[in-house]
file run07.csv (CSV, C-alpha atoms)
chain,number,residue,atom,x,y,z
A,29,MET,CA,0.0,0.0,0.0
A,30,GLU,CA,1.5,3.3,-1.0
A,31,SER,CA,1.4,6.3,1.2
A,32,LYS,CA,-1.5,8.7,0.5
A,33,PHE,CA,0.6,11.5,1.9
A,34,ASN,CA,3.7,11.1,-0.2
A,35,GLN,CA,2.1,10.6,-3.6
A,36,GLY,CA,1.5,14.3,-4.1
A,37,ALA,CA,4.9,15.7,-3.0
A,38,CYS,CA,6.3,18.0,-5.7
A,39,SER,CA,9.4,16.2,-7.2
A,40,GLU,CA,11.4,19.4,-7.5
A,41,PHE,CA,11.0,20.0,-3.7
A,42,GLU,CA,11.7,16.5,-2.4
A,43,ALA,CA,15.5,17.1,-2.0
A,44,LEU,CA,14.8,20.3,-0.1
A,45,LEU,CA,12.3,18.6,2.1
A,46,GLU,CA,14.9,16.0,3.0
A,47,ASP,CA,17.4,18.7,3.7
A,48,HIS,CA,14.8,20.4,5.9
A,49,LEU,CA,14.2,17.3,7.9
A,50,THR,CA,17.9,16.7,8.6
A,51,GLY,CA,18.5,20.4,9.5
A,52,ASP,CA,20.7,21.0,6.5
A,53,LEU,CA,18.6,23.7,4.9
A,54,SER,CA,19.4,27.3,5.3
A,55,GLY,CA,19.3,30.7,3.6
A,56,ALA,CA,17.5,31.1,0.3
A,57,ASP,CA,16.6,27.5,0.0
A,58,ALA,CA,14.9,27.4,3.4
A,59,LYS,CA,12.9,30.5,2.4
A,60,LYS,CA,12.0,29.1,-0.9
A,61,LEU,CA,10.7,25.9,0.8
A,62,ALA,CA,8.8,27.8,3.5
A,63,GLU,CA,7.0,29.9,0.8
A,64,HIS,CA,6.2,26.7,-1.2
A,65,LEU,CA,4.9,24.9,1.8
A,66,GLU,CA,2.5,27.7,2.6
A,67,SER,CA,0.8,27.1,-0.7
A,68,CYS,CA,1.3,23.4,-1.3
A,69,ALA,CA,-0.8,21.1,0.8
A,70,ALA,CA,0.7,18.0,-0.8
A,71,CYS,CA,4.3,18.8,0.2
A,72,SER,CA,3.1,19.8,3.7
A,73,SER,CA,1.4,16.4,4.1
A,74,ALA,CA,4.4,14.6,2.7
A,75,LEU,CA,6.6,16.4,5.2
A,76,GLU,CA,4.2,15.7,8.0
A,77,GLN,CA,4.3,12.0,7.0
A,78,ALA,CA,8.1,11.7,6.8
A,79,ALA,CA,9.1,13.8,9.8
A,80,PRO,CA,8.6,11.3,12.7
A,81,SER,CA,11.1,9.0,11.0
A,82,VAL,CA,13.9,11.2,12.3
A,83,GLU,CA,12.9,10.5,15.9
A,84,LEU,CA,12.1,6.9,15.2
A,85,LEU,CA,15.5,6.1,13.7
A,86,ARG,CA,17.4,8.0,16.4
A,87,THR,CA,16.6,5.2,18.8
A,88,VAL,CA,18.7,2.8,16.8
A,89,PRO,CA,22.3,2.9,18.0
A,90,ALA,CA,25.1,3.1,15.6
A,91,THR,CA,27.4,0.1,15.2
A,92,ALA,CA,30.0,0.1,18.0
A,93,ASP,CA,33.7,0.2,17.4
A,94,PRO,CA,35.0,-3.3,17.3
A,95,GLY,CA,37.9,-2.4,19.6
A,96,PRO,CA,41.6,-2.1,19.4
A,97,GLY,CA,42.2,-5.8,19.1
A,98,PHE,CA,40.3,-6.0,15.8
A,99,SER,CA,43.1,-4.5,13.7
A,100,ARG,CA,45.5,-7.2,15.1
A,101,VAL,CA,43.0,-9.9,14.2
A,102,VAL,CA,42.8,-8.5,10.6
A,103,MET,CA,46.5,-8.3,10.2
A,104,ALA,CA,46.9,-11.9,11.4
A,105,ARG,CA,44.4,-13.0,8.8
A,106,ILE,CA,46.1,-11.0,6.1
A,107,ARG,CA,49.5,-12.6,7.0
A,108,ALA,CA,47.9,-16.1,7.0
A,109,GLU,CA,46.2,-15.4,3.7
A,110,MET,CA,49.4,-14.0,2.1
A,111,SER,CA,51.5,-16.9,3.2
A,112,LYS,CA,48.9,-19.4,2.0
A,113,ARG,CA,49.0,-17.7,-1.4
A,114,GLY,CA,52.8,-17.9,-1.4
A,115,GLU,CA,52.7,-21.6,-0.5
A,116,GLN,CA,50.2,-22.3,-3.3
A,117,LYS,CA,52.4,-20.5,-5.7
A,118,SER,CA,55.5,-22.5,-4.6
A,119,ILE,CA,53.7,-25.8,-4.9
A,120,TRP,CA,52.8,-25.2,-8.5
A,121,LEU,CA,56.1,-23.4,-9.4
A,122,PRO,CA,58.0,-26.6,-10.6
A,123,PHE,CA,55.1,-27.6,-12.8
A,124,ILE,CA,54.7,-24.2,-14.2
A,125,SER,CA,58.4,-24.0,-15.0
A,126,LEU,CA,58.3,-27.5,-16.7
A,127,ALA,CA,55.2,-26.4,-18.7
A,128,TRP,CA,57.0,-23.3,-19.9
A,129,ARG,CA,60.0,-25.4,-20.9
A,130,PHE,CA,57.8,-27.8,-22.9
A,131,ALA,CA,56.1,-24.9,-24.5
A,132,ALA,CA,59.3,-23.2,-25.5
A,133,THR,CA,60.8,-26.5,-26.9
A,134,ALA,CA,57.6,-27.2,-28.9
A,135,THR,CA,57.6,-23.7,-30.3
A,136,LEU,CA,61.3,-24.0,-31.3
A,137,ALA,CA,60.7,-27.3,-33.0
A,138,LEU,CA,57.7,-26.0,-34.9
A,139,ALA,CA,59.6,-23.0,-36.0
A,140,VAL,CA,62.5,-25.2,-37.3
A,141,LEU,CA,60.0,-27.4,-39.2
A,142,VAL,CA,58.2,-24.5,-40.8
A,143,THR,CA,61.5,-22.9,-41.9
A,144,PHE,CA,62.8,-26.1,-43.3
A,145,ASP,CA,59.6,-26.8,-45.2
A,146,ALA,CA,59.6,-23.2,-46.6
A,147,VAL,CA,63.2,-23.4,-47.8
A,148,ARG,CA,62.6,-26.8,-49.4
A,149,HIS,CA,59.5,-25.5,-51.2
A,150,SER,CA,61.3,-22.4,-52.5
A,151,GLN,CA,64.2,-24.5,-53.9
A,152,TYR,CA,62.4,-27.6,-55.4
A,153,GLY,CA,58.8,-27.5,-54.8
A,154,PRO,CA,57.2,-25.6,-57.8
A,155,GLN,CA,59.9,-26.6,-60.4
A,156,THR,CA,59.6,-30.3,-59.6
A,157,ASN,CA,55.9,-30.1,-60.1
A,158,LEU,CA,56.3,-28.2,-63.4
A,159,ASN,CA,58.9,-30.7,-64.7
A,160,TYR,CA,56.7,-33.6,-63.7
A,161,ALA,CA,53.7,-32.1,-65.5
A,162,THR,CA,55.8,-31.5,-68.7
A,163,VAL,CA,57.1,-35.1,-68.7
A,164,THR,CA,53.6,-36.6,-68.2
A,165,GLU,CA,52.1,-34.4,-71.0
A,166,THR,CA,55.0,-35.3,-73.5
A,167,ARG,CA,54.6,-39.0,-72.6
A,168,ASP,CA,50.9,-38.8,-73.5
A,169,LEU,CA,51.6,-37.2,-76.9
A,170,PHE,CA,54.7,-39.2,-77.8
A,171,PRO,CA,54.7,-42.6,-76.2
A,172,ASP,CA,58.1,-44.2,-75.6
A,173,PRO,CA,59.1,-46.0,-78.9
A,174,SER,CA,60.9,-48.8,-77.2
A,175,SER,CA,57.8,-50.0,-75.2
A,176,PRO,CA,55.2,-52.1,-77.0
A,177,PRO,CA,52.1,-50.2,-78.3
A,178,ALA,CA,49.3,-50.0,-75.8
A,179,ASN,CA,46.4,-49.7,-78.3
A,180,ARG,CA,45.4,-49.6,-81.9
A,181,ASP,CA,46.1,-45.9,-82.4
A,182,GLU,CA,49.7,-46.4,-81.2
A,183,VAL,CA,50.2,-49.2,-83.7
A,184,LEU,CA,48.9,-47.0,-86.5
A,185,MET,CA,51.2,-44.1,-85.4
A,186,MET,CA,54.2,-46.5,-85.5
A,187,VAL,CA,53.4,-47.7,-88.9
A,188,ALA,CA,52.9,-44.2,-90.2
A,189,ASP,CA,56.2,-43.2,-88.7
A,190,THR,CA,58.0,-46.1,-90.4
A,191,ASP,CA,56.5,-45.4,-93.8
A,192,HIS,CA,57.4,-41.8,-93.6
A,193,GLY,CA,61.0,-42.7,-93.1
A,194,LYS,CA,61.0,-44.8,-96.3
A,195,HIS,CA,59.8,-42.1,-98.6
B,22,MET,CA,49.4,6.0,3.2
B,23,ARG,CA,52.6,5.8,1.2
B,24,LEU,CA,54.1,3.5,3.8
B,25,ALA,CA,51.0,1.3,3.7
B,26,GLN,CA,51.3,1.2,-0.1
B,27,SER,CA,54.9,0.2,0.2
B,28,GLY,CA,53.9,-2.9,2.2
B,29,GLU,CA,54.6,-1.5,5.7
B,30,GLU,CA,52.4,-3.7,7.9
B,31,ALA,CA,52.4,-1.3,10.9
B,32,ALA,CA,51.2,1.5,8.6
B,33,PHE,CA,48.4,-0.6,7.2
B,34,GLU,CA,47.4,-1.7,10.7
B,35,GLU,CA,47.1,2.0,11.6
B,36,LEU,CA,44.8,2.5,8.5
B,37,ILE,CA,42.6,-0.3,9.8
B,38,ARG,CA,42.4,1.3,13.2
B,39,ARG,CA,41.3,4.6,11.7
B,40,HIS,CA,38.6,3.2,9.5
B,41,GLN,CA,37.4,0.1,11.2
B,42,GLN,CA,34.4,1.6,12.9
B,43,ARG,CA,33.1,3.2,9.7
B,44,VAL,CA,33.6,0.0,7.7
B,45,PHE,CA,31.9,-2.0,10.5
B,46,GLY,CA,29.0,0.5,10.4
B,47,LEU,CA,28.7,0.3,6.7
B,48,VAL,CA,28.8,-3.5,6.6
B,49,ASN,CA,26.4,-3.7,9.5
B,50,GLY,CA,24.1,-1.2,7.8
B,51,ILE,CA,23.9,-3.2,4.6
B,52,LEU,CA,23.9,-6.8,6.0
B,53,ARG,CA,22.0,-5.9,9.2
B,54,ARG,CA,22.7,-8.0,12.2
B,55,ARG,CA,24.2,-10.9,10.4
B,56,GLU,CA,26.7,-13.1,12.1
B,57,ASP,CA,29.1,-12.7,9.1
B,58,VAL,CA,29.6,-8.9,9.5
B,59,GLU,CA,33.1,-9.3,11.1
B,60,ASP,CA,34.1,-11.8,8.5
B,61,VAL,CA,33.1,-9.5,5.7
B,62,VAL,CA,34.9,-6.6,7.3
B,63,GLN,CA,38.1,-8.7,7.5
B,64,GLN,CA,37.6,-9.7,3.8
B,65,VAL,CA,37.3,-6.0,2.9
B,66,PHE,CA,40.6,-5.1,4.6
B,67,LEU,CA,42.3,-8.1,2.9
B,68,LYS,CA,41.2,-6.9,-0.5
B,69,VAL,CA,42.4,-3.4,0.4
B,70,PHE,CA,45.8,-4.8,1.4
B,71,ILE,CA,46.1,-6.7,-1.9
B,72,SER,CA,45.1,-3.8,-4.1
B,73,ILE,CA,46.4,-0.7,-2.1
B,74,LYS,CA,49.3,-0.3,-4.5
B,75,ARG,CA,46.9,0.5,-7.3
B,76,PHE,CA,45.2,3.2,-5.2
B,77,ASP,CA,45.6,6.7,-6.7
B,78,LEU,CA,46.8,9.0,-3.9
B,79,ARG,CA,45.1,11.9,-5.4
B,80,ALA,CA,41.7,10.4,-4.6
B,81,ALA,CA,40.0,10.1,-1.2
B,82,PHE,CA,41.0,6.9,0.5
B,83,SER,CA,37.7,6.7,2.5
B,84,THR,CA,35.6,6.8,-0.7
B,85,TRP,CA,37.7,4.1,-2.3
B,86,LEU,CA,37.5,2.0,0.9
B,87,TYR,CA,33.7,2.4,1.1
B,88,LYS,CA,33.2,1.4,-2.5
B,89,ILE,CA,35.2,-1.8,-1.9
B,90,THR,CA,33.1,-2.4,1.2
B,91,VAL,CA,29.8,-1.8,-0.6
B,92,ASN,CA,30.8,-4.2,-3.4
B,93,GLU,CA,31.9,-6.8,-0.9
B,94,CYS,CA,28.6,-6.6,0.9
B,95,TRP,CA,26.6,-7.0,-2.3
B,96,ASP,CA,28.8,-9.9,-3.3
B,97,TYR,CA,28.1,-11.5,0.0
B,98,LEU,CA,24.4,-11.0,-0.3
B,99,ARG,CA,24.5,-12.4,-3.9
B,100,LYS,CA,26.5,-15.4,-2.9
B,101,LYS,CA,24.4,-16.2,0.1
B,102,LYS,CA,21.2,-15.3,-1.8
B,103,VAL,CA,20.0,-13.7,1.4
B,104,ARG,CA,16.4,-12.6,1.4
B,105,PRO,CA,15.2,-10.0,3.9
B,106,LEU,CA,13.2,-11.3,6.8
B,107,VAL,CA,9.5,-10.7,6.6
B,108,TYR,CA,7.6,-10.4,9.9
B,109,GLU,CA,4.1,-11.6,9.3
B,110,THR,CA,2.9,-11.4,12.9
B,111,ASP,CA,1.2,-8.3,14.2
B,112,LEU,CA,2.8,-6.3,17.0
B,113,SER,CA,1.5,-6.7,20.5
B,114,GLU,CA,-0.3,-3.8,22.2
B,115,GLU,CA,2.7,-3.2,24.4
B,116,GLN,CA,5.0,-3.0,21.4
B,117,VAL,CA,2.6,-0.6,19.7
B,118,SER,CA,2.6,1.7,22.8
B,119,ARG,CA,6.4,1.5,22.9
B,120,LEU,CA,6.8,2.6,19.3
B,121,ASP,CA,4.2,5.3,19.8
B,122,GLY,CA,6.3,6.6,22.7
B,123,VAL,CA,9.3,6.8,20.4
B,124,VAL,CA,7.7,9.1,17.9
B,125,SER,CA,5.7,11.2,20.4
B,126,ALA,CA,7.2,14.4,21.8
B,127,GLU,CA,6.7,13.3,25.5
B,128,ARG,CA,9.1,10.4,25.4
B,129,PRO,CA,10.1,8.9,28.8
B,130,PRO,CA,13.7,8.0,29.2
B,131,GLU,CA,14.3,4.4,28.3
B,132,SER,CA,16.4,1.7,29.9
B,133,PRO,CA,19.1,-0.1,27.8
B,134,ALA,CA,16.9,-3.2,27.8
B,135,ARG,CA,13.9,-1.3,26.6
B,136,ARG,CA,16.0,0.5,23.9
B,137,ALA,CA,17.1,-2.9,22.6
B,138,GLU,CA,13.5,-4.0,22.4
B,139,THR,CA,12.5,-0.9,20.6
B,140,LYS,CA,15.4,-1.5,18.2
B,141,ASP,CA,14.1,-5.0,17.5
B,142,LEU,CA,10.7,-3.5,16.7
B,143,LEU,CA,12.2,-1.0,14.4
B,144,ASP,CA,14.1,-3.7,12.7
B,145,GLN,CA,10.8,-5.3,11.9
B,146,LEU,CA,9.5,-2.1,10.4
B,147,LEU,CA,12.8,-1.6,8.4
B,148,ASN,CA,12.6,-5.1,7.0
B,149,GLU,CA,9.5,-4.2,5.2
B,150,LEU,CA,11.3,-1.5,3.1
B,151,PRO,CA,12.9,-2.2,-0.2
B,152,GLU,CA,16.5,-3.4,0.4
B,153,ARG,CA,18.4,-0.6,-1.3
B,154,ASP,CA,16.3,2.2,0.2
B,155,ARG,CA,16.6,0.7,3.6
B,156,GLU,CA,20.4,0.6,3.2
B,157,LEU,CA,20.4,4.3,2.4
B,158,LEU,CA,18.2,5.2,5.3
B,159,VAL,CA,20.1,3.1,7.9
B,160,LEU,CA,23.5,4.3,6.6
B,161,LYS,CA,22.4,7.9,6.8
B,162,GLU,CA,20.4,8.0,9.9
B,163,VAL,CA,21.9,5.2,12.0
B,164,GLU,CA,25.5,4.9,10.9
B,165,GLY,CA,25.9,8.6,10.3
B,166,PHE,CA,27.2,8.7,6.7
B,167,SER,CA,26.7,12.0,4.9
B,168,VAL,CA,24.6,12.3,1.7
B,169,GLN,CA,27.8,13.2,-0.1
B,170,GLU,CA,29.5,10.0,1.1
B,171,LEU,CA,26.5,7.9,0.2
B,172,ALA,CA,26.4,9.4,-3.3
B,173,GLU,CA,30.0,8.7,-3.9
B,174,MET,CA,30.1,5.1,-2.6
B,175,LEU,CA,26.9,4.2,-4.4
B,176,ASP,CA,27.7,6.1,-7.6
B,177,LEU,CA,24.5,8.2,-7.3
B,178,ASN,CA,23.8,11.9,-7.7
B,179,VAL,CA,23.5,13.8,-4.4
B,180,ASN,CA,20.0,14.9,-5.3
B,181,THR,CA,18.9,11.4,-6.1
B,182,VAL,CA,20.1,10.3,-2.7
B,183,LYS,CA,18.1,13.0,-1.0
B,184,VAL,CA,15.0,12.3,-2.9
B,185,ARG,CA,15.2,8.6,-2.2
B,186,LEU,CA,15.8,9.3,1.4
B,187,PHE,CA,12.8,11.5,1.7
B,188,ARG,CA,10.6,8.9,-0.1
B,189,VAL,CA,11.8,6.0,2.0
B,190,ARG,CA,11.1,8.0,5.2
B,191,ALA,CA,7.5,8.4,4.2
B,192,ARG,CA,7.4,4.7,3.3
B,193,LEU,CA,8.8,3.8,6.7
B,194,MET,CA,6.1,5.8,8.4
B,195,ASP,CA,3.6,4.2,6.1
B,196,VAL,CA,4.6,0.8,7.4
B,197,TYR,CA,4.6,2.2,10.9
B,198,HIS,CA,1.0,3.4,10.6
B,199,ARG,CA,-0.1,0.1,9.1
B,200,ARG,CA,1.5,-1.9,11.9
B,201,VAL,CA,1.0,0.4,14.8
B,202,GLY,CA,-1.8,2.8,14.2
B,203,PRO,CA,-2.8,6.3,13.3
B,204,GLN,CA,-0.6,9.4,12.8
B,205,PRO,CA,1.5,10.2,15.8
B,206,ASN,CA,1.4,13.4,17.8
B,207,PRO,CA,1.8,16.3,15.3
B,208,SER,CA,3.9,18.1,17.9
B,209,ALA,CA,6.7,15.7,17.2
B,210,VAL,CA,6.6,16.5,13.5
B,211,LYS,CA,8.4,19.8,13.5
B,212,GLY,CA,11.0,20.7,10.9
B,213,ARG,CA,14.6,21.7,11.6
B,214,SER,CA,15.3,24.5,9.2
B,215,LYS,CA,18.2,26.7,10.2
B,216,THR,CA,16.4,29.9,9.1
B,217,ASP,CA,15.1,31.9,12.0
B,218,GLY,CA,11.4,32.4,12.2
B,219,ILE,CA,10.6,29.6,9.8
B,220,GLU,CA,8.9,26.7,11.5
B,221,ILE,CA,7.1,24.1,9.6

call {"tool": "encode", "arguments": {"input": "run07.csv", "output": "structure tokens"}}
result
Amino acid sequence: MESKFNQGACSEFEALLEDHLTGDLSGADAKKLAEHLESCAACSSALEQAAPSVELLRTVPATADPGPGFSRVVMARIRAEMSKRGEQKSIWLPFISLAWRFAATATLALAVLVTFDAVRHSQYGPQTNLNYATVTETRDLFPDPSSPPANRDEVLMMVADTDHGKH
Amino acid sequence: MRLAQSGEEAAFEELIRRHQQRVFGLVNGILRRREDVEDVVQQVFLKVFISIKRFDLRAAFSTWLYKITVNECWDYLRKKKVRPLVYETDLSEEQVSRLDGVVSAERPPESPARRAETKDLLDQLLNELPERDRELLVLKEVEGFSVQELAEMLDLNVNTVKVRLFRVRARLMDVYHRRVGPQPNPSAVKGRSKTDGIEI
């Protein structure tokens, strides 16, 4: 259930009303609010509604100081926590170091392999392929004369070649 | 501060001593009577110790500390998934008359035991308020944080804090009237403007 009192408070005066309740309003602002309250029943009601909260909350005591021993307790916990973190680090340290060494070796090996492959390709790679292609194509067009003919066309080619030599 | 930043333990312990009450108040204001308040405060100072080297000396240390504290409290509430207690039972007649006495102008002096009881009753009323608004009201009115401090630690505009405070006051009184009874004595409802001659 919403308050019937506070629904009508003018939004531009709510901050001033709060200042007024806590005693932090003075000078021109206090005068401005006083003039406004004379003519605004809604703000007056809202103020009337909210004001007893000041007294009500005054009965609640603030949190007491935990005492001089508290800082020592905190420092002991900080020391314990920091040494625990240090121990955790030292337990994992050999594994971390080993992992780094593995990683470094693997990276180096990979780099060597990649470099070797790149150099090999730049020297032989494309030319070998080209030569291979040329040889294959030539073999298709002009079969090796020392090998037996593979089909009828090759037989005819051989005969034609022989006749040509005679004329 | 520089010594604490350089890892000097004695200097950091002195920092704790200077700020422990405010941090306790802040944590208590947000968590409200939870048994873990001390643990959360210790956790706050541990975090501060770890990250103090990153603190910019040009800024206000208290603002930085309060922000860490607020975040730690909200983390705690999130992790614990704490839901505010809701009191379903009505107040007894005696409780009603006690609370009525608190807001009326003619309040008799209370013994510590009675004050503790009144505080319990008020806690019941405060628990019916929205969590964030209740935090604001308790931190301002009970723990004594200024509007400026609240605005900085919660990343809010000063005016927004004032407006929210004013609204939650009215809401608290609304809960009060619903649980306790009609409007209290109007003589207790006087303003506190500093301007002479203006009384509202």

call {"tool": "residues_near_point", "arguments": {"input": "run07.csv", "point": "(28.0, 1.3, 15.6)", "cutoff": "8 Å", "atoms": "only C-alpha atoms", "output": "compact mmCIF listing (two decimals) with C-alpha atoms, in the coordinates of the input"}}
result
# COMPACT_ATOMS: atom_id res chain seq x y z
CA PRO A 89 22.30 2.90 18.00
CA ALA A 90 25.10 3.10 15.60
CA THR A 91 27.40 0.10 15.20
CA ALA A 92 30.00 0.10 18.00
CA ASP A 93 33.70 0.20 17.40
CA GLN B 42 34.40 1.60 12.90
CA PHE B 45 31.90 -2.00 10.50
CA GLY B 46 29.00 0.50 10.40
CA GLU B 164 25.50 4.90 10.90

call {"tool": "atom_distance", "arguments": {"input": "run07.csv", "atom1": "atom CA of B:Leu143", "atom2": "atom CA of A:Thr50"}}
result
19.5 Å

call {"tool": "atom_distance", "arguments": {"input": "run07.csv", "atom1": "atom CA of A:Asp52", "atom2": "atom CA of B:Leu147"}}
result
24.0 Å

call {"tool": "interface_residues", "arguments": {"input": "run07.csv", "of": "chain A", "to": "chain B", "cutoff": "7 Å", "atoms": "all atoms listed in the file", "output": "PyMOL selection string"}}
result
chain A and resi 31+34+42-43+46+48-55+58+62+76-81+83-94+99+102-103+106

call {"tool": "residues_around", "arguments": {"input": "run07.csv", "residues": "B:Leu175", "least_positions_apart": "5", "cutoff": "9 Å", "atoms": "only C-alpha atoms", "output": "ChimeraX atom specification"}}
result
/B:87-88,91,170

call {"tool": "write_last_selection", "arguments": {"input": "run07.csv", "atoms": "C-alpha atoms", "output": "PDB file, in the frame of the given file"}}
result
ATOM      1  CA  TYR B  87      33.700   2.400   1.100  1.00  0.00           C
ATOM      2  CA  LYS B  88      33.200   1.400  -2.500  1.00  0.00           C
ATOM      3  CA  VAL B  91      29.800  -1.800  -0.600  1.00  0.00           C
ATOM      4  CA  GLU B 170      29.500  10.000   1.100  1.00  0.00           C
TER       5      GLU B 170
END

call {"tool": "atom_distance", "arguments": {"input": "run07.csv", "atom1": "atom CA of B:Leu86", "atom2": "atom CA of A:Arg113"}}
result
22.9 Å
